[in-house]
>>> print(open('model.cif').read())   # mmCIF, C-alpha atoms and all ligand atoms
data_entry
#
loop_
_atom_site.group_PDB
_atom_site.id
_atom_site.type_symbol
_atom_site.label_atom_id
_atom_site.label_comp_id
_atom_site.auth_asym_id
_atom_site.auth_seq_id
_atom_site.Cartn_x
_atom_site.Cartn_y
_atom_site.Cartn_z
ATOM 1 C CA MET A 1 -28.359 20.240 -9.561
ATOM 2 C CA ASN A 2 -31.806 21.645 -10.299
ATOM 3 C CA HIS A 3 -34.886 19.461 -10.725
ATOM 4 C CA ALA A 4 -35.057 19.743 -14.507
ATOM 5 C CA LEU A 5 -31.424 18.690 -14.924
ATOM 6 C CA TYR A 6 -31.840 15.807 -12.467
ATOM 7 C CA ASP A 7 -34.938 14.587 -14.328
ATOM 8 C CA ALA A 8 -33.169 14.849 -17.688
ATOM 9 C CA ALA A 9 -30.168 12.930 -16.312
ATOM 10 C CA LEU A 10 -32.498 10.239 -14.989
ATOM 11 C CA VAL A 11 -34.096 9.848 -18.422
ATOM 12 C CA ARG A 12 -30.670 9.666 -20.114
ATOM 13 C CA ILE A 13 -29.146 7.068 -17.781
ATOM 14 C CA SER A 14 -32.345 5.012 -17.957
ATOM 15 C CA GLU A 15 -31.891 4.895 -21.754
ATOM 16 C CA LEU A 16 -28.181 4.096 -21.481
ATOM 17 C CA PHE A 17 -28.571 1.253 -18.956
ATOM 18 C CA ASN A 18 -31.676 -0.036 -20.683
ATOM 19 C CA SER A 19 -30.698 -3.683 -21.064
ATOM 20 C CA ASP A 20 -27.925 -4.119 -18.530
ATOM 21 C CA ALA A 21 -28.026 -6.899 -15.921
ATOM 22 C CA THR A 22 -24.519 -6.517 -14.511
ATOM 23 C CA GLY A 23 -25.461 -4.361 -11.547
ATOM 24 C CA HIS A 24 -25.049 -1.190 -13.567
ATOM 25 C CA ASP A 25 -28.697 -0.459 -13.635
ATOM 26 C CA VAL A 26 -30.222 2.937 -13.096
ATOM 27 C CA HIS A 27 -30.908 2.076 -9.449
ATOM 28 C CA HIS A 28 -27.176 1.729 -8.772
ATOM 29 C CA THR A 29 -26.630 5.219 -10.159
ATOM 30 C CA LEU A 30 -29.493 6.651 -8.102
ATOM 31 C CA ARG A 31 -28.159 5.056 -4.892
ATOM 32 C CA VAL A 32 -24.712 6.482 -5.669
ATOM 33 C CA TYR A 33 -26.294 9.883 -6.303
ATOM 34 C CA ARG A 34 -28.199 9.891 -2.995
ATOM 35 C CA MET A 35 -25.185 8.684 -1.014
ATOM 36 C CA ALA A 36 -22.876 11.165 -2.755
ATOM 37 C CA MET A 37 -25.218 14.058 -1.894
ATOM 38 C CA ARG A 38 -25.294 12.919 1.741
ATOM 39 C CA LEU A 39 -21.481 12.753 1.863
ATOM 40 C CA ALA A 40 -21.219 16.092 0.035
ATOM 41 C CA GLU A 41 -23.293 17.687 2.779
ATOM 42 C CA ALA A 42 -21.031 16.238 5.495
ATOM 43 C CA GLU A 43 -17.866 17.288 3.646
ATOM 44 C CA ASP A 44 -19.121 20.646 2.382
ATOM 45 C CA ALA A 45 -18.293 19.602 -1.189
ATOM 46 C CA ASP A 46 -19.723 21.334 -4.287
ATOM 47 C CA ARG A 47 -23.169 19.743 -4.657
ATOM 48 C CA GLU A 48 -23.612 20.648 -8.315
ATOM 49 C CA LEU A 49 -20.347 18.945 -9.313
ATOM 50 C CA VAL A 50 -20.987 15.952 -7.057
ATOM 51 C CA GLY A 51 -24.537 15.549 -8.378
ATOM 52 C CA LEU A 52 -23.522 15.637 -12.035
ATOM 53 C CA ALA A 53 -20.521 13.346 -11.534
ATOM 54 C CA ALA A 54 -22.584 10.834 -9.525
ATOM 55 C CA MET A 55 -25.434 10.731 -12.075
ATOM 56 C CA LEU A 56 -22.985 10.317 -14.966
ATOM 57 C CA HIS A 57 -20.229 8.225 -13.334
ATOM 58 C CA ASP A 58 -21.134 4.987 -15.158
ATOM 59 C CA ALA A 59 -22.584 6.580 -18.306
ATOM 60 C CA ASP A 60 -19.429 5.617 -20.247
ATOM 61 C CA ASP A 61 -18.445 2.453 -18.386
ATOM 62 C CA PRO A 62 -16.042 0.513 -20.627
ATOM 63 C CA LYS A 63 -17.803 -2.773 -19.740
ATOM 64 C CA LEU A 64 -20.945 -1.441 -21.403
ATOM 65 C CA PHE A 65 -19.771 1.121 -23.922
ATOM 66 C CA GLY A 66 -16.319 -0.076 -24.995
ATOM 67 C CA PRO A 67 -12.880 1.103 -23.910
ATOM 68 C CA GLU A 68 -11.857 4.742 -23.644
ATOM 69 C CA ASN A 69 -14.641 6.579 -25.406
ATOM 70 C CA GLY A 70 -13.558 9.921 -23.951
ATOM 71 C CA LEU A 71 -16.644 10.072 -21.696
ATOM 72 C CA ARG A 72 -18.719 10.661 -24.789
ATOM 73 C CA ASN A 73 -22.136 10.073 -23.178
ATOM 74 C CA ALA A 74 -21.420 12.234 -20.131
ATOM 75 C CA ARG A 75 -20.047 15.077 -22.263
ATOM 76 C CA ALA A 76 -22.933 14.929 -24.730
ATOM 77 C CA PHE A 77 -25.508 15.045 -21.950
ATOM 78 C CA MET A 78 -23.922 18.056 -20.238
ATOM 79 C CA ALA A 79 -23.357 19.955 -23.498
ATOM 80 C CA GLU A 80 -26.983 19.400 -24.539
ATOM 81 C CA HIS A 81 -28.088 20.832 -21.213
ATOM 82 C CA HIS A 82 -25.859 23.899 -21.461
ATOM 83 C CA VAL A 83 -23.440 23.052 -18.677
ATOM 84 C CA PRO A 84 -20.503 25.479 -19.192
ATOM 85 C CA ALA A 85 -17.446 23.935 -20.889
ATOM 86 C CA ALA A 86 -15.166 24.448 -17.876
ATOM 87 C CA LYS A 87 -17.629 22.684 -15.606
ATOM 88 C CA ILE A 88 -17.934 19.781 -18.075
ATOM 89 C CA GLU A 89 -14.152 19.318 -17.856
ATOM 90 C CA THR A 90 -14.217 19.401 -14.047
ATOM 91 C CA VAL A 91 -17.010 16.807 -13.908
ATOM 92 C CA CYS A 92 -15.133 14.587 -16.388
ATOM 93 C CA THR A 93 -11.968 14.787 -14.269
ATOM 94 C CA ILE A 94 -13.990 13.693 -11.232
ATOM 95 C CA ILE A 95 -15.544 10.767 -13.138
ATOM 96 C CA GLY A 96 -12.118 9.697 -14.430
ATOM 97 C CA GLU A 97 -10.707 9.573 -10.901
ATOM 98 C CA VAL A 98 -13.587 7.588 -9.391
ATOM 99 C CA SER A 99 -13.125 4.135 -10.914
ATOM 100 C CA PHE A 100 -11.509 1.382 -8.813
ATOM 101 C CA SER A 101 -10.065 -0.622 -11.680
ATOM 102 C CA LYS A 102 -8.605 2.319 -13.551
ATOM 103 C CA ASN A 103 -7.500 4.139 -10.454
ATOM 104 C CA GLY A 104 -6.327 1.340 -8.153
ATOM 105 C CA SER A 105 -6.155 2.646 -4.626
ATOM 106 C CA ASN A 106 -5.181 6.185 -5.681
ATOM 107 C CA ARG A 107 -7.163 8.940 -4.110
ATOM 108 C CA PRO A 108 -9.035 11.460 -6.225
ATOM 109 C CA SER A 109 -7.474 14.924 -6.175
ATOM 110 C CA THR A 110 -10.620 16.820 -5.095
ATOM 111 C CA ILE A 111 -13.130 16.446 -2.280
ATOM 112 C CA GLU A 112 -15.870 16.064 -4.922
ATOM 113 C CA GLY A 113 -14.013 13.098 -6.458
ATOM 114 C CA LYS A 114 -13.452 11.572 -3.022
ATOM 115 C CA VAL A 115 -17.143 11.834 -2.188
ATOM 116 C CA VAL A 116 -18.344 10.236 -5.446
ATOM 117 C CA GLN A 117 -15.707 7.475 -5.196
ATOM 118 C CA ASP A 118 -16.805 6.687 -1.640
ATOM 119 C CA ALA A 119 -20.466 6.584 -2.687
ATOM 120 C CA ASP A 120 -19.699 4.233 -5.604
ATOM 121 C CA ARG A 121 -17.619 1.939 -3.360
ATOM 122 C CA LEU A 122 -20.237 1.894 -0.607
ATOM 123 C CA ASP A 123 -22.701 0.499 -3.150
ATOM 124 C CA ALA A 124 -20.292 -2.407 -3.811
ATOM 125 C CA ILE A 125 -20.375 -3.602 -0.177
ATOM 126 C CA GLY A 126 -23.026 -4.610 2.362
ATOM 127 C CA ALA A 127 -26.269 -6.374 1.419
ATOM 128 C CA ILE A 128 -26.524 -4.576 -1.908
ATOM 129 C CA GLY A 129 -22.886 -5.307 -2.680
ATOM 130 C CA ILE A 130 -23.541 -9.009 -2.061
ATOM 131 C CA ALA A 131 -26.556 -8.974 -4.392
ATOM 132 C CA ARG A 132 -24.641 -7.103 -7.109
ATOM 133 C CA THR A 133 -21.693 -9.479 -6.898
ATOM 134 C CA PHE A 134 -23.802 -12.569 -7.566
ATOM 135 C CA ALA A 135 -25.832 -10.778 -10.245
ATOM 136 C CA PHE A 136 -22.615 -9.763 -12.006
ATOM 137 C CA GLY A 137 -21.040 -13.202 -11.539
ATOM 138 C CA GLY A 138 -24.138 -14.942 -12.909
ATOM 139 C CA ASN A 139 -24.258 -12.610 -15.869
ATOM 140 C CA ARG A 140 -20.612 -13.479 -16.671
ATOM 141 C CA GLY A 141 -21.163 -17.210 -16.149
ATOM 142 C CA ARG A 142 -18.975 -17.326 -13.049
ATOM 143 C CA ALA A 143 -19.366 -20.035 -10.424
ATOM 144 C CA ILE A 144 -20.770 -18.983 -7.041
ATOM 145 C CA HIS A 145 -17.898 -20.690 -5.239
ATOM 146 C CA ASP A 146 -15.234 -23.317 -5.801
ATOM 147 C CA PRO A 147 -13.084 -24.311 -2.810
ATOM 148 C CA LYS A 148 -10.415 -25.759 -5.129
ATOM 149 C CA ASP A 149 -10.178 -22.668 -7.279
ATOM 150 C CA ALA A 150 -9.540 -19.461 -5.396
ATOM 151 C CA GLU A 151 -9.867 -17.263 -8.474
ATOM 152 C CA GLY A 152 -12.683 -16.088 -10.677
ATOM 153 C CA THR A 153 -15.671 -17.057 -8.573
ATOM 154 C CA SER A 154 -18.092 -14.603 -7.006
ATOM 155 C CA ILE A 155 -16.997 -15.622 -3.505
ATOM 156 C CA ALA A 156 -13.384 -14.990 -4.547
ATOM 157 C CA HIS A 157 -14.385 -11.477 -5.597
ATOM 158 C CA PHE A 158 -15.113 -10.652 -1.943
ATOM 159 C CA HIS A 159 -11.494 -11.359 -1.073
ATOM 160 C CA GLU A 160 -10.060 -9.818 -4.234
ATOM 161 C CA LYS A 161 -11.904 -6.542 -3.905
ATOM 162 C CA LEU A 162 -14.904 -6.085 -1.654
ATOM 163 C CA LEU A 163 -13.284 -6.754 1.734
ATOM 164 C CA LYS A 164 -10.563 -4.220 0.884
ATOM 165 C CA LEU A 165 -12.900 -1.327 0.209
ATOM 166 C CA LYS A 166 -13.560 -0.376 3.832
ATOM 167 C CA ASP A 167 -9.931 0.720 4.279
ATOM 168 C CA LEU A 168 -9.945 2.708 1.054
ATOM 169 C CA MET A 169 -12.761 5.114 1.987
ATOM 170 C CA ASN A 170 -11.770 8.781 1.793
ATOM 171 C CA THR A 171 -14.278 10.507 4.078
ATOM 172 C CA ASP A 172 -15.153 9.952 7.746
ATOM 173 C CA GLU A 173 -18.873 9.463 7.113
ATOM 174 C CA ALA A 174 -18.148 6.833 4.446
ATOM 175 C CA LYS A 175 -15.693 5.056 6.775
ATOM 176 C CA ARG A 176 -18.408 4.848 9.402
ATOM 177 C CA ILE A 177 -21.009 3.455 6.990
ATOM 178 C CA ALA A 178 -18.441 1.059 5.488
ATOM 179 C CA GLU A 179 -17.617 -0.470 8.917
ATOM 180 C CA ALA A 180 -21.171 -1.735 9.362
ATOM 181 C CA ARG A 181 -21.509 -2.972 5.776
ATOM 182 C CA HIS A 182 -18.138 -4.730 6.057
ATOM 183 C CA ARG A 183 -19.192 -6.573 9.203
ATOM 184 C CA PHE A 184 -22.370 -7.706 7.458
ATOM 185 C CA MET A 185 -20.330 -9.140 4.555
ATOM 186 C CA GLU A 186 -18.038 -10.966 6.974
ATOM 187 C CA GLU A 187 -21.046 -12.497 8.715
ATOM 188 C CA PHE A 188 -22.452 -13.522 5.350
ATOM 189 C CA LEU A 189 -19.180 -15.184 4.309
ATOM 190 C CA GLN A 190 -18.938 -16.990 7.655
ATOM 191 C CA GLU A 191 -22.494 -18.296 7.353
ATOM 192 C CA PHE A 192 -21.884 -19.246 3.705
ATOM 193 C CA GLU A 193 -18.799 -21.273 4.600
ATOM 194 C CA GLU A 194 -20.519 -23.043 7.482
ATOM 195 C CA GLU A 195 -23.482 -24.006 5.319
ATOM 196 C CA TRP A 196 -21.135 -25.094 2.513
ATOM 197 C CA ASN A 197 -19.204 -27.350 4.868
ATOM 198 C CA GLY A 198 -22.337 -28.782 6.444
ATOM 199 C CA ILE A 199 -21.490 -27.344 9.826
ATOM 200 C CA ILE A 200 -24.882 -25.705 10.283
HETATM 201 P P1 LIG B 1 -18.859 0.153 -10.221
HETATM 202 O O1 LIG B 1 -18.007 0.720 -11.315
HETATM 203 O O2 LIG B 1 -20.276 0.600 -10.294
HETATM 204 O O3 LIG B 1 -18.313 0.354 -8.852
HETATM 205 P P2 LIG B 1 -18.011 -2.419 -11.239
HETATM 206 O O4 LIG B 1 -18.185 -2.139 -12.683
HETATM 207 O O5 LIG B 1 -16.613 -2.530 -10.732
HETATM 208 O O6 LIG B 1 -18.892 -1.422 -10.361
HETATM 209 O O7 LIG B 1 -18.790 -3.761 -10.910
HETATM 210 C C1 LIG B 1 -20.195 -3.844 -10.861
HETATM 211 C C2 LIG B 1 -20.612 -4.813 -9.775
HETATM 212 O O8 LIG B 1 -20.166 -6.122 -10.099
HETATM 213 C C3 LIG B 1 -19.991 -4.495 -8.407
HETATM 214 O O9 LIG B 1 -20.886 -4.782 -7.381
HETATM 215 C C4 LIG B 1 -18.791 -5.405 -8.350
HETATM 216 O O10 LIG B 1 -18.392 -5.739 -7.054
HETATM 217 C C5 LIG B 1 -19.283 -6.603 -9.108
HETATM 218 N N1 LIG B 1 -18.152 -7.277 -9.747
HETATM 219 C C6 LIG B 1 -17.142 -6.714 -10.443
HETATM 220 N N2 LIG B 1 -16.251 -7.659 -10.853
HETATM 221 C C7 LIG B 1 -16.725 -8.843 -10.387
HETATM 222 C C8 LIG B 1 -16.286 -10.216 -10.445
HETATM 223 N N3 LIG B 1 -15.152 -10.533 -11.059
HETATM 224 N N4 LIG B 1 -17.050 -11.168 -9.863
HETATM 225 C C9 LIG B 1 -18.203 -10.842 -9.244
HETATM 226 N N5 LIG B 1 -18.669 -9.574 -9.128
HETATM 227 C C10 LIG B 1 -17.952 -8.591 -9.687
HETATM 228 NI NI NI B 2 -20.826 2.714 -10.261
#
>>> encode(input="model.cif", output="structure tokens", more="lines below")
Ligand code: ADP
Ligand code: NI
Amino acid sequence: MNHALYDAALVRISELFNSDATGHDVHHTLRVYRMAMRLAEAEDADRELVGLAAMLHDADDPKLFGPENGLRNARAFMAEHHVPAAKIETVCTIIGEVSFSKNGSNRPSTIEGKVVQDADRLDAIGAIGIARTFAFGGNRGRAIHDPKDAEGTSIAHFHEKLLKLKDLMNTDEAKRIAEARHRFMEEFLQEFEEEWNGII
């Protein structure tokens, strides 16, 4: 993606995520973009498609923009910047295949989709994943932890989703990065439990 298009995408996502405090800020998108470009290099994926899909992957997130809007924001941005129609469709297919909730553990059909999905999932684990989880939980009024209630708390979210992500990575480079981030989360949870129980 050329500089002008990157800059324009940055402006657009900054406007779209203007007032969001759920971890879907522009910095999440930029981390996903940088990681996706790194994985694209390792996997020899199409950098233009990966770049566009990464920058726009949350531009129509149902949590922010309502259910099933047909990727309206992503499409509008690309059309305004003269991305050819066929390429817009390809990018939209990639974005549609990336989401965890919509897509379960299914693998995207293209290497570009796999790379962007890995980059998005890597940002949900490790130190940043921990920070995002409690930011999201706080924003939704969720408790940090409740030993009597194994559902709905931010700590529960680690077991429901985050600790599973390491085994769902598509690419070798992402698997390697995920191992280290996973270990860090396990250490955090161990320390958390020991402090909670007054052991340390
Ligand atoms: P993305 O689509 O960018 O991968 P999500 O929309 O699934 O992210 O979630 C945004 C952030 O909030 C992630 O870090 C995710 O782990 C966290 N999150 C999602 N659901 C919950 C939940 N029920 N409790 C706490 N954190 C959550
Ligand atoms: Ni995301």
>>> residues_around(input="model.cif", residues="region 28-44 of chain A", least_positions_apart="2", cutoff="8 Å", atoms="only C-alpha atoms", output="list in words")
Gly23, His24, Asp25, Val26, Asp46, Arg47, Val50, Gly51, Ala54, Met55, Leu56, His57, Asp58, Ile111, Glu112, Val115, Val116, Asp118, Ala119, Asp120, Asp123, Thr171, Glu173 and Ala174 of chain A
>>> atom_distance(input="model.cif", atom1="CA of Glu191 (chain A)", atom2="CA of Pro147 (chain A)")
15.1 Å
>>> residues_near_ligand(input="model.cif", ligand="ligand LIG 1 (chain B)", cutoff="9 Å", atoms="all atoms listed in the file", output="MDAnalysis selection string")
chainID A and resid 22:24 28:29 32 57:58 61:63 98:101 117 120:125 128:138 140 142 144 151:158 160:162
>>> closest_residue(input="model.cif", among="A:Leu168, A:Ala127, A:Ile95, A:Ile88", to="Met185 (chain A)", atoms="all atoms listed in the file")
A:Ala127
>>> atom_distance(input="model.cif", atom1="CA of Arg176 (chain A)", atom2="CA of Glu193 (chain A)")
26.6 Å
>>> resolve_selection(input="model.cif", expression="the PyMOL selection byres (((chain A and resi 166) around 8) and not hetatm)", output="PyMOL selection string")
chain A and resi 163-165+167-169+175+178-179+182
>>> write_last_selection(input="model.cif", atoms="C-alpha atoms", output="PDB file, in the frame of the given file")
ATOM      1  CA  LEU A 163     -13.284  -6.754   1.734  1.00  0.00           C
ATOM      2  CA  LYS A 164     -10.563  -4.220   0.884  1.00  0.00           C
ATOM      3  CA  LEU A 165     -12.900  -1.327   0.209  1.00  0.00           C
ATOM      4  CA  ASP A 167      -9.931   0.720   4.279  1.00  0.00           C
ATOM      5  CA  LEU A 168      -9.945   2.708   1.054  1.00  0.00           C
ATOM      6  CA  MET A 169     -12.761   5.114   1.987  1.00  0.00           C
ATOM      7  CA  LYS A 175     -15.693   5.056   6.775  1.00  0.00           C
ATOM      8  CA  ALA A 178     -18.441   1.059   5.488  1.00  0.00           C
ATOM      9  CA  GLU A 179     -17.617  -0.470   8.917  1.00  0.00           C
ATOM     10  CA  HIS A 182     -18.138  -4.730   6.057  1.00  0.00           C
TER      11      HIS A 182
END
>>> closest_residue(input="model.cif", among="A:Leu64, A:Arg107, A:Gly126, A:Leu5", to="Phe77 (chain A)", atoms="all atoms listed in the file")
A:Leu5
>>> atom_distance(input="model.cif", atom1="CA of Cys92 (chain A)", atom2="CA of Ala74 (chain A)")
7.7 Å
>>> closest_residue(input="model.cif", among="A:Glu194, A:Glu80, A:Glu187, A:Asp60", to="ligand NI 2 (chain B)", atoms="all atoms listed in the file")
A:Asp60
>>> residues_around(input="model.cif", residues="Thr90 (chain A)", least_positions_apart="2", cutoff="12 Å", atoms="all atoms listed in the file", output="list in words")
Asp46, Glu48, Leu49, Val50, Leu52, Ala53, Ala74, Arg75, Met78, Val83, Pro84, Ala85, Ala86, Lys87, Ile88, Cys92, Thr93, Ile94, Ile95, Gly96, Glu97, Ser109, Thr110, Glu112 and Gly113 of chain A
>>> closest_residue(input="model.cif", among="A:Phe184, A:Tyr6, A:Phe192, A:Phe17", to="ligand NI 2 (chain B)", atoms="all atoms listed in the file")
A:Phe17
>>> closest_residue(input="model.cif", among="A:Arg72, A:His3, A:His27, A:His145", to="ligand NI 2 (chain B)", atoms="all atoms listed in the file")
A:His27
>>> closest_residue(input="model.cif", among="A:Trp196, A:Ala59, A:Leu16, A:Asn170", to="ligand NI 2 (chain B)", atoms="all atoms listed in the file")
A:Ala59
